[in-house]
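Text of upload-v7.cif, listed as mmCIF, C-alpha atoms:
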```
data_upload
loop_
_atom_site.label_atom_id
_atom_site.label_comp_id
_atom_site.auth_asym_id
_atom_site.auth_seq_id
_atom_site.Cartn_x
_atom_site.Cartn_y
_atom_site.Cartn_z
CA MET A 1 115.81 111.04 121.39
CA ALA A 2 117.36 114.11 122.96
CA LYS A 3 119.32 113.46 126.12
CA GLY A 4 117.09 115.74 128.19
CA SER A 5 117.60 116.64 131.79
CA PRO A 6 118.30 113.68 134.13
CA ASN A 7 115.12 114.15 136.16
CA ARG A 8 112.93 113.58 133.14
CA ILE A 9 111.16 110.25 132.95
CA GLU A 10 110.32 108.43 129.79
CA LEU A 11 106.70 107.50 129.34
CA LEU A 12 105.64 103.93 129.92
CA GLN A 13 104.45 102.32 126.74
CA GLY A 14 100.73 102.78 126.19
CA THR A 15 100.29 105.58 128.69
CA LEU A 16 100.66 108.27 126.05
CA ASP A 17 97.32 107.25 124.53
CA MET A 18 95.64 107.66 127.89
CA LEU A 19 97.22 111.05 128.50
CA ILE A 20 96.12 112.27 125.09
CA LEU A 21 92.55 111.08 125.64
CA ARG A 22 92.50 112.73 129.06
CA THR A 23 93.80 115.99 127.62
CA LEU A 24 91.10 115.96 124.98
CA LEU A 25 88.47 115.66 127.69
CA PHE A 26 88.90 119.43 128.15
CA GLY A 27 87.80 119.97 124.58
CA PRO A 28 89.23 119.78 121.07
CA ALA A 29 92.92 120.51 120.73
CA HIS A 30 95.65 120.33 118.08
CA GLY A 31 98.85 118.33 118.39
CA HIS A 32 101.02 121.14 119.62
CA GLU A 33 98.49 122.11 122.29
CA ILE A 34 98.31 118.52 123.53
CA ALA A 35 102.09 118.27 123.74
CA LYS A 36 102.34 121.57 125.62
CA HIS A 37 99.53 120.64 127.97
CA ILE A 38 101.11 117.33 128.94
CA GLN A 39 104.49 118.96 129.36
CA GLN A 40 103.20 121.83 131.49
CA THR A 41 100.84 119.91 133.73
CA THR A 42 103.55 117.37 134.53
CA VAL A 43 105.94 120.28 135.19
CA ASP A 44 108.26 118.97 132.47
CA VAL A 45 108.83 115.69 134.29
CA LEU A 46 107.35 113.53 131.57
CA GLN A 47 109.45 113.51 128.50
CA VAL A 48 107.07 113.51 125.60
CA GLU A 49 108.92 113.79 122.36
CA HIS A 50 106.54 115.88 120.30
CA GLY A 51 107.00 113.59 117.35
CA SER A 52 105.72 110.52 119.19
CA LEU A 53 102.42 112.32 119.63
CA TYR A 54 101.43 112.13 115.98
CA PRO A 55 101.63 108.38 115.47
CA ALA A 56 99.63 108.08 118.69
CA LEU A 57 97.01 110.59 117.52
CA HIS A 58 96.62 108.85 114.20
CA ARG A 59 96.35 105.50 115.96
CA LEU A 60 93.59 106.86 118.19
CA GLU A 61 91.83 108.26 115.17
CA ARG A 62 92.12 104.95 113.36
CA LYS A 63 90.51 103.23 116.33
CA GLY A 64 87.70 105.76 116.28
CA TRP A 65 88.46 107.22 119.71
CA VAL A 66 89.14 110.67 118.33
CA VAL A 67 88.10 112.49 115.17
CA SER A 68 90.06 115.25 113.49
CA LYS A 69 89.19 118.33 111.48
CA TRP A 70 91.12 121.26 110.06
CA GLU A 71 89.84 124.42 111.72
CA MET A 72 90.92 128.01 111.99
CA ALA A 73 93.06 128.52 115.10
CA LYS A 74 91.80 130.77 117.88
CA ASP A 75 94.30 133.48 116.94
CA ARG A 76 92.93 133.18 113.36
CA LYS A 77 96.46 133.03 112.00
CA ARG A 78 96.33 129.60 110.43
CA GLU A 79 94.33 126.41 110.10
CA LEU A 80 95.25 123.63 112.49
CA LYS A 81 94.17 120.04 112.73
CA TYR A 82 91.99 119.76 115.80
CA TYR A 83 91.35 116.43 117.48
CA ARG A 84 88.11 115.78 119.28
CA LEU A 85 87.16 112.97 121.68
CA THR A 86 84.37 110.63 120.52
CA PRO A 87 81.93 108.82 122.83
CA SER A 88 83.83 105.56 122.33
CA GLY A 89 87.01 107.50 123.12
CA LYS A 90 85.52 108.52 126.45
CA LYS A 91 84.69 104.90 127.20
CA GLN A 92 88.22 103.88 126.30
CA LEU A 93 89.61 106.58 128.60
CA ALA A 94 87.55 105.28 131.51
CA LEU A 95 88.76 101.75 130.78
CA GLU A 96 92.41 102.74 130.61
CA GLU A 97 92.10 104.89 133.69
CA SER A 98 90.78 102.00 135.77
CA LYS A 99 93.48 99.70 134.40
CA TRP A 100 96.08 102.30 135.27
CA LYS A 101 94.74 102.65 138.81
CA GLN A 102 94.91 98.89 139.27
CA LEU A 103 98.47 98.81 138.02
CA ALA A 104 99.55 101.74 140.17
CA GLY A 105 97.83 100.20 143.21
CA ALA A 106 99.50 96.84 142.63
CA ILE A 107 102.93 98.43 142.28
CA ALA A 108 102.34 100.53 145.40
CA ARG A 109 101.47 97.43 147.44
CA VAL A 110 104.75 95.83 146.45
CA MET A 111 106.83 98.93 146.93
CA TRP A 112 105.45 100.18 150.25
CA PRO A 113 103.94 97.18 152.03
CA ALA A 114 103.94 98.93 155.43
CA GLU A 115 101.59 101.61 154.22
CA GLU A 116 98.96 99.01 153.34
CA GLY A 117 96.52 98.89 156.25
CA MET B 1 98.45 94.72 111.95
CA ARG B 2 99.62 92.82 108.94
CA TRP B 3 96.37 92.46 107.09
CA TRP B 4 95.49 96.07 107.13
CA ARG B 5 98.98 97.05 106.24
CA SER B 6 98.42 95.29 102.96
CA MET B 7 94.98 96.91 102.72
CA GLY B 8 96.65 100.27 103.03
CA ASN B 9 98.70 99.58 99.99
CA TRP B 10 95.46 99.06 98.09
CA LEU B 11 94.27 102.56 98.87
CA PRO B 12 93.89 104.57 95.73
CA TRP B 13 96.90 106.71 95.09
CA SER B 14 94.94 109.95 95.35
CA SER B 15 93.67 109.10 98.82
CA ARG B 16 97.17 108.25 100.01
CA GLN B 17 98.45 111.43 98.47
CA ARG B 18 95.80 113.44 100.31
CA ARG B 19 96.66 111.90 103.66
CA GLU B 20 100.34 112.36 102.98
CA GLU B 21 99.83 116.07 102.30
CA ASP B 22 97.58 116.35 105.32
CA LEU B 23 100.26 114.85 107.55
CA ASP B 24 102.90 117.10 106.05
CA ARG B 25 100.79 120.14 106.77
CA GLU B 26 100.09 118.99 110.32
CA ILE B 27 103.77 118.48 111.14
CA ARG B 28 104.68 121.77 109.48
CA ALA B 29 102.09 123.64 111.52
CA HIS B 30 103.44 122.03 114.68
CA LEU B 31 106.99 123.13 113.89
CA GLU B 32 105.84 126.66 113.13
CA LEU B 33 103.90 126.95 116.37
CA GLU B 34 106.79 125.59 118.41
CA ALA B 35 109.29 127.88 116.68
CA GLU B 36 107.10 130.90 117.34
CA GLU B 37 106.87 129.94 120.97
CA GLN B 38 110.64 129.53 121.23
CA GLN B 39 111.10 132.89 119.57
CA ASP B 40 108.75 134.48 122.08
CA SER B 41 110.95 133.13 124.84
CA GLY B 42 113.90 134.96 123.34
CA LEU B 43 115.53 132.74 120.74
CA ALA B 44 116.60 134.01 117.35
CA ALA B 45 114.46 132.88 114.42
CA GLU B 46 117.02 130.36 113.16
CA GLU B 47 117.69 128.90 116.60
CA ALA B 48 113.99 128.72 117.33
CA ARG B 49 113.49 126.62 114.22
CA TYR B 50 116.22 124.20 115.26
CA ALA B 51 114.83 123.99 118.78
CA ALA B 52 111.40 123.16 117.38
CA GLN B 53 112.89 120.42 115.23
CA ARG B 54 114.79 119.00 118.21
CA ALA B 55 111.61 118.94 120.28
CA LEU B 56 109.76 117.10 117.53
CA GLY B 57 112.42 114.51 116.83
CA ASN B 58 113.17 113.05 113.43
CA ALA B 59 110.31 114.24 111.21
CA THR B 60 110.93 111.57 108.57
CA LEU B 61 110.64 108.82 111.16
CA VAL B 62 107.58 110.43 112.74
CA LYS B 63 105.87 110.47 109.37
CA GLU B 64 106.85 106.88 108.67
CA ASP B 65 105.41 105.86 112.04
CA VAL B 66 102.14 107.59 111.19
CA ARG B 67 102.05 105.92 107.79
CA GLU B 68 102.43 102.61 109.54
CA MET B 69 99.48 103.54 111.73
CA TRP B 70 97.42 104.10 108.60
CA GLY B 71 98.56 100.85 107.14
CA TRP B 72 100.87 101.64 104.30
CA SER B 73 104.58 101.73 103.97
CA SER B 74 106.41 104.29 101.95
CA LEU B 75 108.66 101.63 100.53
CA GLU B 76 108.62 101.87 96.80
CA ARG B 77 106.89 99.07 94.96
CA LEU B 78 108.22 98.22 91.53
CA LYS B 79 107.83 95.63 88.85
CA GLN B 80 111.30 94.18 88.51
CA GLY B 81 110.75 91.23 86.21
CA GLY B 82 108.90 92.88 83.33
CA LEU B 83 105.32 94.08 82.98
CA ARG B 84 103.89 90.68 83.90
CA ALA B 85 105.65 90.59 87.28
CA SER B 86 103.79 91.72 90.36
CA LYS B 87 104.91 94.81 92.22
CA THR B 88 107.16 94.04 95.14
CA PRO B 89 108.50 96.38 97.83
CA GLN B 90 112.03 97.49 97.09
CA VAL B 91 114.96 97.81 99.43
CA TYR B 92 118.16 99.44 98.31
CA GLU B 93 121.43 97.89 99.39
CA PRO B 94 124.67 99.82 99.49
CA PHE B 95 127.18 98.60 96.94
CA LEU B 96 129.92 98.36 99.57
CA GLN B 97 127.82 95.94 101.60
CA LYS B 98 126.83 93.84 98.66
CA PRO B 99 129.40 94.25 95.91
CA SER B 100 128.90 92.64 92.54
CA ASN B 101 131.22 92.48 89.55
CA SER B 102 128.59 93.47 87.04
CA PHE B 103 125.50 95.58 87.31
CA ASN B 104 123.08 97.67 85.33
CA VAL B 105 122.87 101.42 85.43
CA VAL B 106 119.60 103.13 84.60
CA LEU B 107 119.80 106.63 83.16
CA ARG B 108 117.04 109.06 82.39
CA ALA B 109 117.81 111.29 79.44
CA ALA B 110 116.06 114.19 77.75
CA GLY B 111 115.59 113.41 74.07
CA ASN B 112 116.78 110.22 72.39
CA PRO B 113 118.54 108.20 75.09
CA MET B 114 120.67 106.29 72.59
CA HIS B 115 122.39 109.56 71.67
CA VAL B 116 123.57 109.85 75.26
CA ALA B 117 124.95 106.32 75.26
CA GLU B 118 128.24 107.24 73.60
CA ALA B 119 128.83 110.12 76.02
CA VAL B 120 128.11 107.83 78.97
CA ARG B 121 130.50 105.19 77.69
CA HIS B 122 133.12 107.90 77.27
CA GLU B 123 132.62 109.11 80.87
CA VAL B 124 132.88 105.60 82.26
CA LEU B 125 136.09 104.94 80.33
CA ALA B 126 137.48 108.23 81.59
CA ILE B 127 137.09 106.93 85.14
CA ASP B 128 138.25 103.38 84.44
CA LYS B 129 139.81 102.51 81.10
CA GLU B 130 139.20 98.80 81.56
CA GLN B 131 135.55 99.00 82.40
CA PRO B 132 133.47 97.53 79.58
CA VAL B 133 130.13 99.19 78.95
CA SER B 134 127.91 96.85 77.03
CA ASN B 135 124.31 96.00 76.31
CA VAL B 136 122.98 99.55 76.13
CA ARG B 137 119.26 99.45 75.60
CA THR B 138 116.34 101.81 76.03
CA MET B 139 113.74 101.13 78.69
CA GLU B 140 111.11 100.85 75.95
CA GLU B 141 113.09 98.00 74.42
CA LEU B 142 113.33 96.21 77.75
CA VAL B 143 109.64 96.60 78.42
CA ALA B 144 108.77 95.46 74.89
CA ARG B 145 111.03 92.44 75.30
CA SER B 146 109.32 91.48 78.54
CA VAL B 147 105.99 91.16 76.72
CA THR B 148 107.19 89.54 73.46
CA GLN B 149 105.86 86.16 74.48
CA ASP B 150 102.49 87.55 75.53
CA ARG B 151 102.30 89.57 72.36
CA LEU B 152 102.93 86.49 70.24
CA SER B 153 100.34 84.39 72.02
CA ALA B 154 97.84 87.23 71.80
CA PHE B 155 98.48 87.51 68.08
CA LEU B 156 98.05 83.76 67.56
CA LEU B 157 94.93 83.76 69.67
CA GLY B 158 93.53 86.64 67.62
CA LEU B 159 94.37 84.83 64.40
CA PHE B 160 92.63 81.66 65.50
CA ALA B 161 89.67 83.64 66.78
CA ALA B 162 89.33 85.33 63.37
CA LEU B 163 89.54 81.92 61.69
CA ALA B 164 86.91 80.54 64.05
CA LEU B 165 84.62 83.47 63.35
CA GLY B 166 85.09 82.98 59.60
CA LEU B 167 84.39 79.26 59.90
CA ALA B 168 81.29 79.94 61.96
CA ALA B 169 80.00 82.37 59.34
CA ILE B 170 80.74 80.00 56.46
CA GLY B 171 79.24 77.09 58.38
CA ILE B 172 76.02 78.91 59.16
CA TYR B 173 75.73 80.06 55.57
CA GLY B 174 76.27 76.52 54.29
CA VAL B 175 73.71 74.95 56.58
CA MET B 176 71.07 77.58 55.96
CA ALA B 177 71.53 77.44 52.20
CA TYR B 178 71.37 73.66 52.27
CA LEU B 179 68.19 73.60 54.37
CA VAL B 180 66.42 76.02 52.09
CA THR B 181 67.59 74.27 48.93
CA GLN B 182 66.24 71.01 50.33
CA ARG B 183 62.81 72.59 50.47
CA THR B 184 62.80 73.65 46.82
CA HIS B 185 60.26 70.91 46.01
CA GLU B 186 57.89 71.99 48.79
CA ILE B 187 58.25 75.62 47.80
CA GLY B 188 57.39 74.73 44.22
CA ILE B 189 54.17 73.11 45.42
CA ARG B 190 53.28 76.17 47.49
CA ILE B 191 53.82 78.47 44.51
CA ALA B 192 51.83 76.17 42.26
CA LEU B 193 49.00 76.36 44.78
CA GLY B 194 49.14 80.17 44.62
CA ALA B 195 51.51 81.29 47.34
CA HIS B 196 53.01 84.77 46.86
CA GLN B 197 56.72 85.44 46.58
CA ARG B 198 56.60 87.56 49.75
CA GLY B 199 54.79 84.86 51.67
CA ILE B 200 57.41 82.31 50.70
CA LEU B 201 60.27 84.63 51.73
CA GLN B 202 58.60 85.33 55.04
CA LEU B 203 58.01 81.66 55.73
CA VAL B 204 61.58 80.64 54.99
CA LEU B 205 63.11 83.54 56.91
CA GLU B 206 60.90 82.99 59.93
CA GLN B 207 61.69 79.33 60.17
CA SER B 208 65.42 79.90 59.70
CA LEU B 209 65.45 82.71 62.21
CA ARG B 210 63.98 80.45 64.87
CA MET B 211 66.75 77.93 64.33
CA VAL B 212 69.46 80.59 64.19
CA LEU B 213 68.31 82.17 67.44
CA LEU B 214 68.32 78.78 69.12
CA GLY B 215 71.88 78.19 67.89
CA LEU B 216 73.05 81.63 68.95
CA GLY B 217 71.52 81.11 72.40
CA ILE B 218 73.42 77.88 72.88
CA GLY B 219 76.58 79.50 71.53
CA LEU B 220 76.30 82.49 73.87
CA ALA B 221 75.79 80.30 76.91
CA ALA B 222 78.75 78.13 75.96
CA SER B 223 81.06 81.08 75.34
CA LEU B 224 80.03 82.74 78.61
CA ALA B 225 81.01 79.55 80.38
CA LEU B 226 84.23 78.98 78.45
CA THR B 227 85.80 82.45 78.09
CA ARG B 228 86.52 82.32 81.79
CA VAL B 229 89.36 79.98 80.88
CA LEU B 230 90.87 82.80 78.83
CA GLY B 231 90.52 85.21 81.72
CA ASN B 232 94.19 85.56 82.60
CA LEU B 233 95.21 86.14 78.99
CA LEU B 234 92.96 89.17 78.76
CA TYR B 235 94.20 92.65 79.53
CA GLU B 236 91.71 95.38 80.40
CA VAL B 237 88.86 93.31 78.94
CA LYS B 238 86.51 91.25 81.05
CA PRO B 239 85.82 87.68 79.93
CA SER B 240 82.14 88.65 79.76
CA ASP B 241 82.51 91.95 77.97
CA PRO B 242 78.94 92.81 76.86
CA LEU B 243 80.03 94.87 73.85
CA ILE B 244 81.97 91.99 72.33
CA PHE B 245 79.16 89.54 72.98
CA ILE B 246 76.58 91.82 71.35
CA ALA B 247 78.83 92.53 68.36
CA VAL B 248 79.48 88.84 67.70
CA PHE B 249 75.80 88.06 68.20
CA ILE B 250 74.75 90.65 65.62
CA LEU B 251 77.46 89.58 63.16
CA LEU B 252 76.48 85.92 63.24
CA LEU B 253 72.78 86.79 63.12
CA ASP B 254 73.37 88.88 59.99
CA VAL B 255 75.38 86.12 58.39
CA ALA B 256 72.59 83.66 59.12
CA LEU B 257 69.89 85.99 57.79
CA ILE B 258 71.81 86.61 54.58
CA ALA B 259 72.50 82.91 54.27
CA ALA B 260 68.78 82.19 54.59
CA PHE B 261 67.66 85.12 52.44
CA ILE B 262 69.64 84.39 49.27
CA PRO B 263 68.46 80.78 48.73
CA ALA B 264 64.98 81.71 49.93
CA ARG B 265 64.71 84.39 47.28
CA ARG B 266 66.02 82.01 44.66
CA ALA B 267 63.48 79.42 45.76
CA SER B 268 60.60 81.87 45.67
CA ARG B 269 61.41 82.86 42.11
CA VAL B 270 61.69 79.35 40.85
CA ASP B 271 59.35 78.16 38.14
CA PRO B 272 56.94 75.82 39.91
CA MET B 273 57.28 73.23 37.13
CA VAL B 274 61.04 73.11 37.63
CA ALA B 275 60.63 73.06 41.38
CA LEU B 276 58.22 70.20 41.28
CA ARG B 277 60.54 68.17 39.13
CA TYR B 278 63.45 69.00 41.37
CA GLU B 279 65.04 66.16 43.31
#
```

Spit out the file's structure as structure tokens when you get a sec.
Amino acid sequence: MAKGSPNRIELLQGTLDMLILRTLLFGPAHGHEIAKHIQQTTVDVLQVEHGSLYPALHRLERKGWVVSKWEMAKDRKRELKYYRLTPSGKKQLALEESKWKQLAGAIARVMWPAEEG
Amino acid sequence: MRWWRSMGNWLPWSSRQRREEDLDREIRAHLELEAEEQQDSGLAAEEARYAAQRALGNATLVKEDVREMWGWSSLERLKQGGLRASKTPQVYEPFLQKPSNSFNVVLRAAGNPMHVAEAVRHEVLAIDKEQPVSNVRTMEELVARSVTQDRLSAFLLGLFAALALGLAAIGIYGVMAYLVTQRTHEIGIRIALGAHQRGILQLVLEQSLRMVLLGLGIGLAASLALTRVLGNLLYEVKPSDPLIFIAVFILLLDVALIAAFIPARRASRVDPMVALRYE
């Protein structure tokens, strides 16, 4: 793992899957695209080592939440392996999202009790 | 996780190979894309490649992680204890961590390996004069030695099987011949009453065939039930190999038919006067 800048945060275990599924909600994408998307939308705060993406993608595929296919890239320069969300993947995303919200809410209540009404 | 890890190792080699190549291609494409992007932002080609590799992390480990996802390990599986042994995953230990005062060295050579042996011994002695090099053997020899026992028992089994087949043939012949000979008197009467030679032959053959088929049926059922016991001695042959069963069936049937035919023909040619006095 590269040292990275100090204001980068390592991903919590299990959240990468959710982020990947969410990214694929926009449409099929290849590994590099997914990595870039997560990096850019989080303004480089989340430290996603590109390599950790592939085991996660293959795990999602194994579970049937995404399917993959080699397709010609948009710039038509090479074939890339595109991942696509499946219906059961969408269900899983909804499930993980609600779990995540619960977790975040619970942590927030502990951390900032005053703000709770 | 465990159970499908072992399933993964059952995947046919070609399918694993395909996925392995697929993964390779995927990672390669990723590195290329990233390098191009880095180059666009002003890095030199070489530096861009390194930056892409840094962003990815250790490619070997990434691939191993993916393999684990798919349920196979890339650990080599080898048969260590001869051909009979099952394949076990291998781990290599550094000599310095686990020293030993004698070990085997495996060498691959082009041409006859035994010709290389002297040169190897020479090289070893050049490094350490007191290092004995002994027990030089070819891999073929080692493999052959590991199956000597099985080879011997297979040979003995084959020998006994041939004996059993011979005995079965002789036995069937004996019984058939005896049964027909016993009926010489009856056959004599039939001929005296005007039966034709062909009719006699047909009669005897038909009756013998019925008995032979009954016997073969019982034998087939028994061998189907019993060859299972031999199962683990067989290599690349199923205990119920249809070809073998059919071949043995036809062989024994032929033996029985010949065994019935010869005395039947003799009986049908017999002078009825002799036949009637027979006994």

Set out as CSV a contact list for chain A and chain B with a cut-off of 10 Å, giving each residue of chain A that qualifies its closest atom pair and distance in Å to one decimal, counting only C-alpha atoms, ordered by chain and rising residue number.
```
residue,atom,partner,partner_atom,distance
A:Met1,CA,B:Gly57,CA,6.7
A:Ala2,CA,B:Arg54,CA,7.3
A:His30,CA,B:His30,CA,8.7
A:Gly31,CA,B:His30,CA,7.0
A:His32,CA,B:His30,CA,5.6
A:Glu33,CA,B:His30,CA,9.1
A:Ala35,CA,B:His30,CA,9.9
A:Lys36,CA,B:Glu34,CA,9.4
A:Val48,CA,B:Ala55,CA,8.9
A:Glu49,CA,B:Leu56,CA,5.9
A:His50,CA,B:Leu56,CA,4.4
A:Gly51,CA,B:Leu56,CA,4.5
A:Ser52,CA,B:Val62,CA,6.7
A:Leu53,CA,B:Val62,CA,8.8
A:Tyr54,CA,B:Val66,CA,6.6
A:Pro55,CA,B:Val66,CA,4.4
A:Ala56,CA,B:Val66,CA,7.9
A:Leu57,CA,B:Val66,CA,8.7
A:His58,CA,B:Val66,CA,6.4
A:Arg59,CA,B:Met69,CA,5.6
A:Leu60,CA,B:Met69,CA,9.4
A:Glu61,CA,B:Trp70,CA,9.6
A:Arg62,CA,B:Trp70,CA,7.2
A:Trp70,CA,B:Glu26,CA,9.3
A:Arg78,CA,B:Ala29,CA,8.4
A:Glu79,CA,B:Ala29,CA,8.4
A:Leu80,CA,B:Ala29,CA,6.9
A:Lys81,CA,B:Glu26,CA,6.5
A:Tyr82,CA,B:Glu26,CA,9.8
```

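Atom pair CA of Arg210 (chain B) / CA of Ile262 (chain B): separated by 17.1 Å.
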
| field | Coordinates-based distance that separates CA of Leu21 (chain A) from CA of Ala35 (chain B) (Å, one decimal) | value | 25.4 Å

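Counting from CA of Gly27 (chain A), the distance to CA of Gln102 (chain A) is 26.7 Å.
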
| message | For the provided coordinates, the residues matched by the PyMOL selection byres ((chain B and resi 122-132) around 12) should be stated as a ChimeraX atom specification. | response | /B:101-105,116-121,133-136

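Across the chains present, the PyMOL selection byres ((chain B and resi 271) around 12) applied to this file returns Thr184, His185, Ile187, Gly188, Ile189, Arg190, Ile191, Ala192, Gln197, Arg266, Ala267, Ser268, Arg269, Val270, Pro272, Met273, Val274, Ala275, Leu276, Arg277 and Tyr278 of chain B.
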
Quick one: write out the picked residues with C-alpha atoms as an mmCIF file, keeping the file's coordinate frame?
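Output file selection13.cif follows:
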```cif
data_model
loop_
_atom_site.group_PDB
_atom_site.id
_atom_site.type_symbol
_atom_site.label_atom_id
_atom_site.label_comp_id
_atom_site.auth_asym_id
_atom_site.auth_seq_id
_atom_site.Cartn_x
_atom_site.Cartn_y
_atom_site.Cartn_z
ATOM 1 C CA THR B 184 62.800 73.650 46.820
ATOM 2 C CA HIS B 185 60.260 70.910 46.010
ATOM 3 C CA ILE B 187 58.250 75.620 47.800
ATOM 4 C CA GLY B 188 57.390 74.730 44.220
ATOM 5 C CA ILE B 189 54.170 73.110 45.420
ATOM 6 C CA ARG B 190 53.280 76.170 47.490
ATOM 7 C CA ILE B 191 53.820 78.470 44.510
ATOM 8 C CA ALA B 192 51.830 76.170 42.260
ATOM 9 C CA GLN B 197 56.720 85.440 46.580
ATOM 10 C CA ARG B 266 66.020 82.010 44.660
ATOM 11 C CA ALA B 267 63.480 79.420 45.760
ATOM 12 C CA SER B 268 60.600 81.870 45.670
ATOM 13 C CA ARG B 269 61.410 82.860 42.110
ATOM 14 C CA VAL B 270 61.690 79.350 40.850
ATOM 15 C CA PRO B 272 56.940 75.820 39.910
ATOM 16 C CA MET B 273 57.280 73.230 37.130
ATOM 17 C CA VAL B 274 61.040 73.110 37.630
ATOM 18 C CA ALA B 275 60.630 73.060 41.380
ATOM 19 C CA LEU B 276 58.220 70.200 41.280
ATOM 20 C CA ARG B 277 60.540 68.170 39.130
ATOM 21 C CA TYR B 278 63.450 69.000 41.370
#
```

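Residues surrounding region 90-101 of chain A within 8 Å are Met18, Leu21, Arg22, Leu25, Trp65, Leu85, Thr86, Pro87, Ala104 and Gly105 of chain A [all atoms listed in the file; sequence separation below 3 positions excluded].
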
Draw an axis-aligned box tight on the listed atoms of region 83-91 of chain A, then pad every side by 5 Å and write out centre and edge lengths in Å to one decimal as AutoDock Vina command-line options.
```
--center_x 86.6 --center_y 110.7 --center_z 122.3 --size_x 19.4 --size_y 21.5 --size_z 19.7
```

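For Ile172 (chain B), the residues within 8 Å (counting all atoms listed in the file, excluding itself and residues fewer than 5 positions away along the chain) are Val255, Ala256 and Ala259 of chain B.
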
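Once Leu257 (chain B) and its same-chain neighbours fewer than 2 positions away are set aside, B:Tyr173, B:Met176, B:Leu205, B:Ser208, B:Leu209, B:Val212, B:Leu252, B:Leu253, B:Asp254, B:Val255, B:Ala259, B:Ala260, B:Phe261, B:Ile262 remain within 9 Å of it when counting only C-alpha atoms.
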
Save region 20-43 of chain B to a file: C-alpha atoms, as a short mmCIF file (atom, residue, chain, number, x, y, z; two decimals), in the first residue's frame.
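So decode-v1.cif came out as:
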```cif
data_model
loop_
_atom_site.label_atom_id
_atom_site.label_comp_id
_atom_site.auth_asym_id
_atom_site.auth_seq_id
_atom_site.Cartn_x
_atom_site.Cartn_y
_atom_site.Cartn_z
CA GLU B 20 -6.27 -16.88 -15.99
CA GLU B 21 -5.67 -15.36 -19.42
CA ASP B 22 -8.81 -13.28 -19.10
CA LEU B 23 -7.62 -11.85 -15.79
CA ASP B 24 -4.18 -11.17 -17.21
CA ARG B 25 -5.70 -9.26 -20.09
CA GLU B 26 -7.97 -7.30 -17.77
CA ILE B 27 -5.12 -6.19 -15.52
CA ARG B 28 -2.94 -5.39 -18.52
CA ALA B 29 -5.67 -3.23 -20.05
CA HIS B 30 -6.05 -1.40 -16.74
CA LEU B 31 -2.33 -0.65 -16.56
CA GLU B 32 -2.30 0.58 -20.14
CA LEU B 33 -5.25 2.89 -19.60
CA GLU B 34 -3.77 4.30 -16.41
CA ALA B 35 -0.36 4.78 -18.03
CA GLU B 36 -1.93 6.62 -20.96
CA GLU B 37 -3.77 8.86 -18.56
CA GLN B 38 -0.59 9.60 -16.61
CA GLN B 39 1.19 10.36 -19.86
CA ASP B 40 -1.56 12.77 -20.84
CA SER B 41 -0.97 14.61 -17.59
CA GLY B 42 2.64 15.10 -18.56
CA LEU B 43 4.66 12.10 -17.41
#
```
